[in-house]
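Read through the structure below, which is laid out as structure tokens, and then see the notes.
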Amino acid sequence: MNTLFKEIRTINFYCKSLAMFLLLVTSFQVMAASPDFMTKEVKFVSNGDTLAGTIVKPAQPLAALVIVPGSGQEKRMMEFASLLAKNGIAVLTYDKRGVGESGGVYAGPEVGTNNVDSANLNLLSLDASAAVNTLKKDLADKSIQVGLIGGSQAGWIIPLTAKKNNSVSFMAIFSGALVTVREQLRFQFYTNNNADFWNSHSEEDARHHIFNDPDKYQLIDTDPLTALSKLSIPGLWIYGGRDIQVPVQLSIERLKTLKSKNGRYEYQLFPDLGHNTVFTEDQKPVETMIKWIKTIVSSTEKP
């Protein structure tokens with residue numbers, strides 16, 4: 001079992017504790033309760049496959065979020081969902097297609113670069129859109145705003161989902177690339193997972209390779225700016241200044257350009273953090289995101 005899978009299993013160790021009933025698609029069953037929130041298991045259909053997840057919901061949610069999985073074999077993120085629920089946010093977290101109890105075929109970095117091909121990113125955005133519809137249906141108060149939250153590869157999937165589904169009211173993205181898939185791959189291949197990369201390389205050097213290196217894989221590219229330039233909903237991107245998977249400075253520059261069309265796009269940079277800005281000892285990135293969400297839903301009228 002590779003390191004990435006082990007890390008993801010660690011992050012999502014609560015997933016196995018929830019037992020599944022045989023339910024019809026989109027039927028619900030309350031499974032557990034705590035003083036802070038209720039949890040229930042759900043099943044929903046996307047592109048002909050049945051996906052499985054859990055809704056974690058406080059008694060009176062002020063907002064709602066679907067957690068969009070990243071590139072790996074991600075099961076539902078119960079620990080993260082519980083944290084959000086304790087802050088008054090209803091959450092749907094689900095096993096990525098082909099992983100855990102979800103049907104469909106998994107395509108990830110362990111099985112080839114088809115995980116970042118345009119066809120797979122669009123398929124995963126359909127899954128996230130179906131999850132949004134499922135969560136919205138479960139909310140008693142239909143005026144509650146529903147957003148998307150996720151990191152890394154989800155930074156490409158979330159804009160595609162928001163473009164497909166008008167029920168998405170805001171986006172919360174950790175370490176999401178605002179560059180094309182090909183540009184991100186060139187950068188990642190060049191850094192070669194070297195944690196000390198930025199100690200010996202400049203931004204100028206990195207960009208030279210981003211724009212000029214030959215592509216190792218042939219795939220249909222995706223440019224997140226295409227969808228983002230057509231959206232009008234609020235969005236916050238959280239970045240780590242020492243990221244070696246996403247070219248952060250280039251992404252921020254392009255985000256600033258997008259703000260000329262959508263002044264509701266924002267970002268926060270944490271200079272000492274790397275690609276992982278969520279599951280880290282530093283709680284400020286998540287606290288910043290939660291505070292922003294609460295501000296957005298309290299000050300923004302539902303579209």
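In the structure tokens, the first chain shown is A, the next is B, and so on; residue numbers restart at 1 for each chain, and ligands run from 1 in the order shown.
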key: Spatial neighbours of segment 83-99 of chain A, 7 Å, only C-alpha atoms, chain gap at least 5 places, as a count of residues only   = 27
query = Could you pull the residues within 12 Å of Glu183 of chain A, counting only C-alpha atoms, minus those fewer than 6 positions along the same chain, as an MDAnalysis selection string?
reply = chainID A and resid 116 177 189:190 206:217 221:224 245:248 250:251
task = Go ahead and compute the interatomic distance for atom CA of Ile157 of chain A and atom CA of Ile238 of chain A, in Å to one decimal.
result = 15.9 Å
query = Using only C-alpha atoms, which residue out of A:Ser152, A:Ile290, A:Tyr239, A:Ile252 lies closest to Ala81 of chain A?
reply =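 That would be A:Ile290, the residue with the smallest distance to Ala81 of chain A.
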inquiry  = Which residue is closest to Lys43 of chain A? Choose from A:Ser125, A:Asn114, A:Thr161, A:Asn133 and count only C-alpha atoms.
reply    = A:Asn133
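Closest approach to Asn262 of chain A among A:Ser232, A:Ser167, A:Asn199, A:Gln249 is made by A:Ser232 (distances from only C-alpha atoms).
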request  = Go through segment 17-181 of chain A and collect every residue that DSSP, computed from the backbone, puts in helix (DSSP H, G or I); the answer should be as a ChimeraX atom specification.
outcome  = /A:17,78-86,109-111,113-116,118-138,154-164,181
query = Between A:Leu185, A:Leu123, A:Ile173, A:Leu258, which is the closest to Lys230 of chain A once you count only C-alpha atoms?
reply =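 Going through A:Leu185, A:Leu123, A:Ile173, A:Leu258 one by one, the smallest distance to Lys230 of chain A is for A:Leu258.
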message = I want to know what sits within 12 Å of Thr226 of chain A, based on only C-alpha atoms, with residues of the same chain fewer than 5 positions away left out; could you give that as a ChimeraX atom specification?
response = /A:156,159-160,163,178-180,221,231,254,258
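Taking only C-alpha atoms into account, Gln268 of chain A lies nearest to A:Leu236 out of the set A:Phe170, A:Leu236, A:Glu287, A:Ile220.
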ask   = In Å, with one decimal, what is the gap from atom CA of Trp198 of chain A to atom CA of Ile244 of chain A?
value = 8.1 Å
